[in-house]
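Peer 1: Just so it is clear, I am handing over start16.txt, which has compact mmCIF, C-alpha atoms.
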```txt
# COMPACT_ATOMS: atom_id res chain seq x y z
CA MET A 1 -44.48 9.00 97.84
CA SER A 2 -45.25 6.29 95.28
CA ILE A 3 -47.35 8.80 93.34
CA VAL A 4 -44.29 11.06 93.07
CA ALA A 5 -42.32 8.24 91.46
CA LEU A 6 -45.22 7.36 89.17
CA ALA A 7 -45.60 10.98 87.99
CA LEU A 8 -41.90 11.06 87.14
CA ASP A 9 -41.13 7.69 85.61
CA ALA A 10 -44.31 6.68 83.78
CA LEU A 11 -43.76 9.67 81.50
CA LEU A 12 -40.21 8.76 80.45
CA PRO A 13 -41.07 6.59 77.40
CA ALA A 14 -43.41 9.31 76.13
CA LEU A 15 -41.05 12.30 76.26
CA ASP A 16 -40.36 12.30 72.52
CA VAL A 17 -44.03 11.89 71.62
CA ILE A 18 -45.10 14.65 74.00
CA GLY A 19 -42.30 16.86 72.64
CA ILE A 20 -43.66 16.48 69.10
CA SER A 21 -47.22 17.14 70.32
CA ILE A 22 -46.33 20.38 72.13
CA GLY A 23 -43.70 21.49 69.58
CA THR A 24 -40.40 21.39 71.46
CA ALA A 25 -37.48 22.70 69.42
CA GLU A 26 -34.65 20.56 70.87
CA PRO A 27 -34.58 17.03 72.34
CA ALA A 28 -32.94 18.48 75.46
CA ASP A 29 -36.10 20.58 76.01
CA ASN A 30 -37.94 17.35 76.75
CA GLN A 31 -35.77 16.96 79.87
CA LEU A 32 -37.66 19.93 81.32
CA LEU A 33 -40.73 17.73 81.70
CA ILE A 34 -38.77 15.83 84.34
CA THR A 35 -36.67 18.56 85.96
CA MET A 36 -39.54 21.06 86.30
CA ILE A 37 -41.61 18.74 88.44
CA PHE A 38 -38.64 18.69 90.80
CA LEU A 39 -38.75 22.48 90.91
CA GLY A 40 -42.31 22.21 92.20
CA LEU A 41 -41.28 19.50 94.65
CA GLY A 42 -38.70 21.93 96.02
CA VAL A 43 -40.88 25.04 96.31
CA GLY A 44 -44.09 23.41 97.56
CA PRO A 45 -42.79 22.27 100.97
CA LEU A 46 -42.20 25.87 102.00
CA VAL A 47 -45.98 26.23 102.06
CA PHE A 48 -47.12 22.77 103.12
CA GLY A 49 -44.48 22.12 105.80
CA PRO A 50 -45.41 25.02 108.13
CA ILE A 51 -49.13 24.40 107.57
CA SER A 52 -48.74 20.74 108.60
CA ASP A 53 -47.01 21.82 111.84
CA SER A 54 -50.04 23.95 112.65
CA PHE A 55 -53.08 22.03 111.37
CA GLY A 56 -51.88 18.43 111.33
CA ARG A 57 -50.35 16.15 108.73
CA LYS A 58 -53.34 14.52 107.05
CA PRO A 59 -55.27 17.62 105.85
CA VAL A 60 -52.14 18.86 104.08
CA VAL A 61 -51.79 15.59 102.15
CA TYR A 62 -55.34 15.97 100.84
CA MET A 63 -54.63 19.57 99.81
CA GLY A 64 -51.60 18.43 97.84
CA PHE A 65 -53.45 15.65 96.05
CA ILE A 66 -56.24 18.06 95.00
CA LEU A 67 -53.67 20.45 93.49
CA PHE A 68 -51.97 17.51 91.74
CA ILE A 69 -55.26 16.49 90.14
CA ILE A 70 -55.89 20.03 88.84
CA ALA A 71 -52.33 20.26 87.51
CA SER A 72 -52.68 16.90 85.76
CA PHE A 73 -55.60 18.22 83.72
CA ILE A 74 -53.47 21.24 82.74
CA CYS A 75 -50.83 18.81 81.42
CA VAL A 76 -53.43 16.75 79.53
CA PHE A 77 -54.73 19.79 77.64
CA SER A 78 -51.32 21.44 77.09
CA ARG A 79 -50.47 22.44 73.54
CA SER A 80 -47.19 24.24 74.21
CA LEU A 81 -43.99 23.64 76.14
CA GLU A 82 -44.73 26.59 78.41
CA MET A 83 -48.16 25.25 79.39
CA MET A 84 -46.76 21.77 79.98
CA ILE A 85 -43.98 23.18 82.18
CA LEU A 86 -46.59 25.09 84.19
CA GLY A 87 -48.58 21.89 84.68
CA ARG A 88 -45.51 19.90 85.70
CA ILE A 89 -44.40 22.56 88.20
CA LEU A 90 -47.90 22.58 89.73
CA GLN A 91 -47.87 18.78 89.81
CA GLY A 92 -44.61 18.96 91.74
CA ILE A 93 -46.00 21.54 94.17
CA GLY A 94 -49.03 19.35 94.79
CA LEU A 95 -46.97 16.19 95.29
CA SER A 96 -44.58 18.01 97.61
CA ALA A 97 -47.30 17.83 100.27
CA PRO A 98 -47.44 14.01 100.64
CA ARG A 99 -43.68 13.77 99.99
CA THR A 100 -42.79 16.27 102.74
CA VAL A 101 -45.48 15.19 105.17
CA ALA A 102 -44.46 11.52 104.84
CA ILE A 103 -40.99 12.42 106.13
CA ALA A 104 -42.44 14.62 108.89
CA MET A 105 -44.78 11.80 109.97
CA ILE A 106 -41.84 9.40 110.24
CA ARG A 107 -39.99 11.93 112.42
CA ASP A 108 -43.13 12.40 114.56
CA ILE A 109 -42.93 8.75 115.59
CA TYR A 110 -39.30 7.59 115.22
CA SER A 111 -35.75 8.87 115.81
CA GLY A 112 -32.14 7.77 115.40
CA ASP A 113 -31.06 4.75 113.38
CA TYR A 114 -34.55 3.26 113.66
CA MET A 115 -35.90 6.34 111.90
CA ALA A 116 -33.39 5.67 109.11
CA ARG A 117 -34.65 2.07 108.97
CA ILE A 118 -38.25 3.22 108.48
CA MET A 119 -37.11 5.87 106.01
CA SER A 120 -35.45 3.07 104.02
CA PHE A 121 -38.65 1.04 103.83
CA ILE A 122 -40.56 4.13 102.69
CA SER A 123 -37.86 4.75 100.09
CA VAL A 124 -38.16 1.14 98.87
CA VAL A 125 -41.73 1.88 97.82
CA PHE A 126 -40.53 5.06 96.12
CA ILE A 127 -37.90 2.99 94.27
CA LEU A 128 -40.08 -0.02 93.44
CA VAL A 129 -42.53 2.08 91.43
CA PRO A 130 -39.86 2.97 88.81
CA ILE A 131 -39.41 -0.75 88.19
CA ILE A 132 -42.87 -0.92 86.61
CA ALA A 133 -43.67 2.72 85.80
CA PRO A 134 -41.78 3.07 82.47
CA ALA A 135 -43.14 -0.28 81.26
CA LEU A 136 -46.61 0.86 82.27
CA GLY A 137 -46.07 4.17 80.45
CA LYS A 138 -44.89 2.38 77.29
CA PHE A 139 -47.84 -0.02 77.37
CA ILE A 140 -50.28 2.89 77.65
CA LEU A 141 -48.46 4.78 74.89
CA ASP A 142 -48.53 1.76 72.55
CA HIS A 143 -52.26 1.12 73.06
CA TYR A 144 -53.70 4.59 73.76
CA ASN A 145 -51.99 8.02 73.84
CA TRP A 146 -49.72 10.05 76.11
CA GLN A 147 -52.67 11.83 77.75
CA THR A 148 -53.85 8.47 79.13
CA ILE A 149 -50.68 8.25 81.22
CA PHE A 150 -51.87 11.27 83.18
CA TYR A 151 -55.36 9.77 83.58
CA VAL A 152 -53.86 6.57 85.02
CA GLN A 153 -51.86 8.69 87.48
CA LEU A 154 -55.12 10.32 88.57
CA ILE A 155 -56.75 6.94 89.19
CA PHE A 156 -53.83 5.87 91.38
CA THR A 157 -53.97 9.19 93.23
CA VAL A 158 -57.64 8.70 94.14
CA LEU A 159 -56.96 5.13 95.32
CA VAL A 160 -53.96 6.15 97.43
CA SER A 161 -55.88 9.09 98.92
CA PHE A 162 -58.70 6.77 99.98
CA TRP A 163 -56.25 4.26 101.47
CA PHE A 164 -54.41 7.03 103.32
CA TRP A 165 -57.70 8.37 104.71
CA LYS A 166 -58.82 4.91 105.79
CA ARG A 167 -55.63 3.44 107.24
CA GLN A 168 -53.25 6.21 108.36
CA ALA A 169 -53.77 7.88 111.74
CA GLU A 170 -52.79 11.48 112.40
CA THR A 171 -49.25 11.53 113.87
CA LEU A 172 -49.00 15.11 115.15
CA GLU A 173 -50.73 15.47 118.50
CA VAL A 174 -52.74 18.64 119.04
CA SER A 175 -50.56 19.56 122.03
CA LYS A 176 -47.45 19.57 119.81
CA ARG A 177 -48.85 21.76 117.06
CA ILE A 178 -47.32 25.17 116.47
CA LYS A 179 -49.61 28.15 116.18
CA PHE A 180 -49.70 29.39 112.60
CA THR A 181 -48.31 32.93 112.37
CA SER A 182 -46.83 35.10 109.65
CA HIS A 183 -43.34 34.46 111.00
CA ILE A 184 -43.62 30.69 111.56
CA PHE A 185 -41.37 29.98 108.60
CA ILE A 186 -38.72 32.53 109.63
CA ASP A 187 -38.71 31.13 113.17
CA GLY A 188 -38.29 27.62 111.79
CA LEU A 189 -35.44 28.72 109.52
CA LYS A 190 -33.66 30.44 112.42
CA GLU A 191 -33.95 27.27 114.47
CA LEU A 192 -32.79 25.06 111.62
CA VAL A 193 -29.60 27.02 110.80
CA LYS A 194 -28.44 26.47 114.38
CA HIS A 195 -27.83 22.84 113.50
CA LYS A 196 -24.70 22.48 111.38
CA THR A 197 -25.35 18.76 110.86
CA THR A 198 -28.78 19.41 109.37
CA ILE A 199 -27.48 22.02 106.92
CA GLY A 200 -24.42 20.00 105.92
CA TYR A 201 -26.19 16.73 105.22
CA THR A 202 -28.97 18.57 103.41
CA ILE A 203 -26.44 20.11 101.02
CA ILE A 204 -24.87 16.68 100.46
CA SER A 205 -28.36 15.37 99.72
CA GLY A 206 -28.75 18.16 97.14
CA PHE A 207 -25.63 17.02 95.29
CA ILE A 208 -26.68 13.36 95.33
CA VAL A 209 -30.26 14.06 94.25
CA GLY A 210 -28.93 16.41 91.57
CA SER A 211 -26.58 13.80 90.13
CA PHE A 212 -29.33 11.17 90.12
CA LEU A 213 -31.76 13.62 88.52
CA VAL A 214 -29.31 14.04 85.63
CA TYR A 215 -29.64 10.31 84.94
CA LEU A 216 -33.42 10.44 85.38
CA SER A 217 -33.86 13.29 82.91
CA THR A 218 -31.41 11.93 80.31
CA SER A 219 -32.07 8.17 80.56
CA GLN A 220 -34.58 8.16 77.73
CA GLN A 221 -32.17 10.13 75.55
CA ILE A 222 -29.24 7.80 76.42
CA PHE A 223 -30.92 4.44 75.91
CA GLU A 224 -33.30 5.29 73.07
CA GLN A 225 -31.12 7.66 71.03
CA GLN A 226 -27.49 6.89 71.88
CA TYR A 227 -27.97 3.11 72.17
CA GLN A 228 -31.04 2.70 69.93
CA LEU A 229 -32.86 0.60 72.56
CA LYS A 230 -36.32 2.15 72.42
CA ASP A 231 -38.24 -1.09 73.05
CA GLU A 232 -35.81 -2.27 75.73
CA PHE A 233 -35.72 1.05 77.62
CA PRO A 234 -38.47 0.29 80.20
CA TYR A 235 -36.78 -3.01 81.12
CA ILE A 236 -33.33 -1.42 81.39
CA PHE A 237 -34.78 1.29 83.61
CA ALA A 238 -36.43 -1.40 85.76
CA ILE A 239 -33.18 -3.34 86.19
CA LEU A 240 -31.35 -0.23 87.38
CA ALA A 241 -34.23 0.65 89.72
CA ILE A 242 -33.86 -2.81 91.27
CA SER A 243 -30.22 -1.95 92.01
CA ILE A 244 -31.26 1.09 94.05
CA GLY A 245 -34.16 -0.76 95.64
CA THR A 246 -31.91 -3.63 96.77
CA ALA A 247 -29.49 -1.23 98.45
CA THR A 248 -32.31 0.72 100.07
CA PHE A 249 -33.86 -2.49 101.39
CA LEU A 250 -30.52 -3.74 102.75
CA ASN A 251 -30.01 -0.37 104.40
CA GLY A 252 -33.03 -1.04 106.59
CA THR A 253 -31.08 -3.88 108.23
CA LEU A 254 -27.48 -2.64 107.98
CA VAL A 255 -28.22 0.81 109.42
CA LEU A 256 -29.07 -0.74 112.80
CA LYS A 257 -25.75 -2.63 112.79
CA TYR A 258 -23.34 0.00 111.46
CA GLY A 259 -25.18 3.30 111.92
CA MET A 260 -26.17 6.00 109.46
CA GLU A 261 -22.91 7.95 109.35
CA LYS A 262 -20.68 4.95 108.55
CA LEU A 263 -22.98 3.85 105.70
CA VAL A 264 -23.09 7.38 104.28
CA THR A 265 -19.30 7.70 104.41
CA THR A 266 -18.69 4.32 102.76
CA SER A 267 -21.29 4.94 100.05
CA LEU A 268 -19.98 8.40 99.18
CA PHE A 269 -16.45 7.08 98.68
CA ALA A 270 -17.82 4.21 96.57
CA PHE A 271 -19.78 6.72 94.47
CA PHE A 272 -16.57 8.72 93.99
CA GLY A 273 -14.42 5.69 93.14
CA ILE A 274 -16.81 4.26 90.53
CA SER A 275 -16.97 7.63 88.77
CA VAL A 276 -13.17 7.88 88.66
CA VAL A 277 -12.82 4.39 87.19
CA TYR A 278 -15.39 5.06 84.44
CA ILE A 279 -13.81 8.38 83.45
CA ALA A 280 -10.33 6.83 83.39
CA LEU A 281 -11.49 3.98 81.16
CA PHE A 282 -13.67 5.88 78.70
CA TYR A 283 -12.29 9.42 78.57
CA ASN A 284 -12.20 10.67 74.95
CA THR A 285 -13.60 7.39 73.65
CA SER A 286 -16.99 6.32 72.34
CA ASN A 287 -19.65 4.93 74.64
CA PRO A 288 -18.89 1.48 76.08
CA SER A 289 -21.14 -1.49 75.33
CA ILE A 290 -24.55 -1.43 76.94
CA ILE A 291 -23.55 -4.25 79.31
CA VAL A 292 -20.54 -2.30 80.61
CA LEU A 293 -22.62 0.86 81.00
CA LEU A 294 -25.29 -1.01 82.96
CA ILE A 295 -22.66 -2.49 85.27
CA PHE A 296 -21.30 0.97 86.08
CA PHE A 297 -24.80 2.45 86.46
CA GLY A 298 -25.80 -0.48 88.66
CA MET A 299 -22.81 0.04 90.98
CA GLN A 300 -23.42 3.79 91.16
CA PHE A 301 -27.09 3.41 91.97
CA PHE A 302 -26.37 0.70 94.53
CA ALA A 303 -24.20 3.25 96.35
CA ILE A 304 -26.89 5.92 95.97
CA GLY A 305 -29.45 3.53 97.49
CA PHE A 306 -27.62 3.77 100.83
CA LEU A 307 -27.59 7.57 100.68
CA PHE A 308 -31.16 8.71 100.04
CA GLY A 309 -32.80 7.65 103.30
CA ASN A 310 -29.76 8.03 105.56
CA LEU A 311 -28.95 11.58 104.46
CA ARG A 312 -32.52 12.74 105.13
CA ALA A 313 -32.66 10.89 108.45
CA ILE A 314 -29.40 12.41 109.73
CA ALA A 315 -30.52 15.88 108.62
CA MET A 316 -33.89 15.47 110.35
CA GLN A 317 -32.50 14.00 113.59
CA PRO A 318 -31.79 17.30 115.45
CA ILE A 319 -35.02 19.06 114.36
CA GLY A 320 -37.79 16.69 115.46
CA HIS A 321 -39.50 19.52 117.34
CA ILE A 322 -40.11 21.33 114.02
CA ALA A 323 -40.42 18.26 111.79
CA GLY A 324 -42.87 19.79 109.31
CA ILE A 325 -40.97 23.01 108.72
CA GLY A 326 -37.69 21.11 108.96
CA ALA A 327 -38.70 18.61 106.27
CA ALA A 328 -39.92 21.51 104.13
CA ILE A 329 -36.75 23.59 104.32
CA THR A 330 -34.34 20.66 103.95
CA GLY A 331 -36.40 19.36 101.03
CA PHE A 332 -36.42 22.81 99.46
CA ILE A 333 -32.65 23.24 99.76
CA SER A 334 -31.77 19.81 98.35
CA THR A 335 -34.28 20.01 95.50
CA ILE A 336 -33.50 23.58 94.50
CA MET A 337 -29.85 22.54 94.35
CA ALA A 338 -30.70 19.43 92.31
CA VAL A 339 -32.67 21.16 89.53
CA PRO A 340 -29.94 23.53 88.23
CA ILE A 341 -27.27 20.83 88.71
CA SER A 342 -29.21 18.34 86.60
CA THR A 343 -30.28 20.93 84.00
CA TYR A 344 -26.70 22.15 83.50
CA ILE A 345 -25.06 18.72 83.30
CA GLY A 346 -27.91 17.29 81.22
CA ARG A 347 -27.19 19.78 78.41
CA PHE A 348 -23.83 18.09 77.85
CA VAL A 349 -25.26 14.57 77.60
CA VAL A 350 -25.79 14.69 73.82
CA ASP A 351 -23.91 11.83 72.19
CA SER A 352 -21.91 10.43 75.11
CA THR A 353 -22.49 9.29 78.69
CA LEU A 354 -19.11 10.64 79.82
CA PRO A 355 -20.52 14.06 80.96
CA LEU A 356 -22.90 12.17 83.22
CA PHE A 357 -20.06 10.45 85.08
CA ILE A 358 -18.04 13.67 85.22
CA GLY A 359 -21.09 15.20 86.90
CA PHE A 360 -21.23 12.24 89.30
CA LEU A 361 -17.56 12.80 90.16
CA VAL A 362 -17.90 16.53 90.82
CA CYS A 363 -20.94 15.98 93.05
CA ALA A 364 -19.10 13.19 94.91
CA VAL A 365 -16.00 15.34 95.53
CA LEU A 366 -18.05 18.26 96.87
CA SER A 367 -20.11 15.91 99.07
CA ILE A 368 -17.03 14.23 100.54
CA GLY A 369 -15.51 17.65 101.25
CA ILE A 370 -18.60 18.68 103.23
CA LEU A 371 -18.68 15.32 105.03
CA MET A 372 -15.06 15.65 106.13
CA TYR A 373 -15.72 19.20 107.35
CA LEU A 374 -18.67 17.99 109.43
CA LYS A 375 -16.64 15.15 110.93
CA VAL A 376 -13.74 17.44 111.88
CA SER A 377 -16.16 20.01 113.29
CA ALA A 378 -17.93 17.33 115.35
CA LYS A 379 -14.60 16.12 116.79
CA LYS A 380 -13.64 19.67 117.77
CA THR A 381 -17.00 20.21 119.46
CA LEU A 382 -16.65 16.90 121.34
CA SER A 383 -13.10 17.80 122.41
CA VAL A 384 -14.21 21.20 123.73
CA SER A 385 -17.09 19.57 125.62
CA SER A 386 -14.73 17.01 127.17
CA ASP A 387 -12.28 19.72 128.28
CA ALA A 388 -15.14 21.69 129.83
```
Please render this file's structure as structure tokens.

Peer 2:
Amino acid sequence: MSIVALALDALLPALDVIGISIGTAEPADNQLLITMIFLGLGVGPLVFGPISDSFGRKPVVYMGFILFIIASFICVFSRSLEMMILGRILQGIGLSAPRTVAIAMIRDIYSGDYMARIMSFISVVFILVPIIAPALGKFILDHYNWQTIFYVQLIFTVLVSFWFWKRQAETLEVSKRIKFTSHIFIDGLKELVKHKTTIGYTIISGFIVGSFLVYLSTSQQIFEQQYQLKDEFPYIFAILAISIGTATFLNGTLVLKYGMEKLVTTSLFAFFGISVVYIALFYNTSNPSIIVLLIFFGMQFFAIGFLFGNLRAIAMQPIGHIAGIGAAITGFISTIMAVPISTYIGRFVVDSTLPLFIGFLVCAVLSIGILMYLKVSAKKTLSVSSDA
């Protein structure tokens, strides 16, 4: 999963330079280099998830890394926006294998709040990479060229693949593997839709990932163009990544004390409240000072840090018997939701950060609505069971 973060964040300081090289017409077009890899991350699991349930987890990870390497060379030799988008989508499809399989492997071994604890530690690695990735990307860009960023990603991919081969055991026992058939995906989907909790929390995850992806795709535009902080951008990005990482790390301890659902509920309301305060303070005004913006971003991302791992863990809890397909479909739904959400909102983030926080607010309201529905539905189900 660290390679996923590296492929996303190391490229951020180079978006403008790459845009000039491949001839993008608008600065907003450069956002596609970030959002399109998420499109691949959403589509890829539909292939790799069912295969991993049939042939084991580890072979699928190797397949994904091989595709990622091929796609990286397509990006390196791209001379147009269309070719670069193709390469980024294929990169996302390739990386969807280790990203999806990592979640399935956790579910193979763990369940309940302890699964959320392990998911948090995995997410910490995913979050820690962005602390150094933009600075690494800027260093490479200052001393070499943007193509070298892709070559460095390839070196890390080879190292991680070797480490994974050497140290990680297969987690899916042969006796638990599902025979691969033409209808394995349809069967998995039919099983998954039976679980209202899985669907509901997956949709919430889509809204949260979508709102965060808006920030990810517009951060370079905000800090370098709106605030004129080109040299400081990697360090600002790192500070905000620490905010998410701290929350994710704390979640590993707090989830065992308070449980996943309570942390999700508290964090969603915090996410909502922070958005409301920002909009109330800065509606129809110019951007606040960079310090004020960072405080609000830091609070938002601290709340998000408690959501990423817990939402996926709750969604995966009822479907451990189809973990590979389950991780694939839930990942597909949340990511396919996130891409259009981030693309649409990102188009409004031109000379102000206000549209970003309006997007945060809308996603928070919709998420809280779904959460309340799930809670009421669960109480009704419990009441009916008690009466029976």

Peer 1: What's around Gly188 (chain A) at 9 Å? Count only C-alpha atoms, leave out sequence neighbours fewer than 6 positions away in its own chain, and write the answer as a list of chain:residue names.

Peer 2: A:Pro50, A:Ile322, A:Ile325, A:Gly326, A:Ile329

Peer 1: Could you state the separation of CA of Ser21 (chain A) and CA of Ile140 (chain A) in Å, given to one decimal place?

Peer 2: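 Computing it gives 16.3 Å between the two atoms.
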
Peer 1: If you take only C-alpha atoms and a cut-off of 12 Å, which residues of region 165-192 of chain A touch region 199-223 of chain A, and what are their nearest atom pairs and distances in Å to one decimal, in chain and number order, as a Markdown table?

Peer 2:
```
| residue | atom | partner | partner_atom | distance |
| --- | --- | --- | --- | --- |
| A:Leu189 | CA | A:Ile199 | CA | 10.7 |
| A:Lys190 | CA | A:Ile199 | CA | 11.8 |
| A:Glu191 | CA | A:Ile199 | CA | 11.2 |
| A:Leu192 | CA | A:Ile199 | CA | 7.7 |
```

Peer 1: Ile74 (chain A): which residues within 10 Å, counting all atoms listed in the file, same-chain residues fewer than 5 positions away excluded, as a ChimeraX atom specification?

Peer 2: /A:68-69,79,83-88,90-91

Peer 1: Could you tell me how far CA of Ser2 (chain A) lies from CA of Gly49 (chain A), in Å and to one decimal?

Peer 2: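 For CA of Ser2 (chain A) relative to CA of Gly49 (chain A), the distance reads 19.0 Å.
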
Peer 1: Compile a residue-level contact table for region 243-321 of chain A against region 105-123 of chain A at a cut-off of 6 Å, reporting for every qualifying residue the shortest atom pair and its distance in Å to one decimal, with only C-alpha atoms counted, rows ordered by chain and ascending number, as a tab-separated table.

Peer 2:
```
residue	atom	partner	partner_atom	distance
A:Thr248	CA	A:Ser120	CA	5.6
A:Gly252	CA	A:Arg117	CA	4.2
A:Leu256	CA	A:Asp113	CA	5.9
A:Gly309	CA	A:Ser120	CA	5.3
A:Asn310	CA	A:Ala116	CA	5.6
A:Ala313	CA	A:Ala116	CA	5.3
```
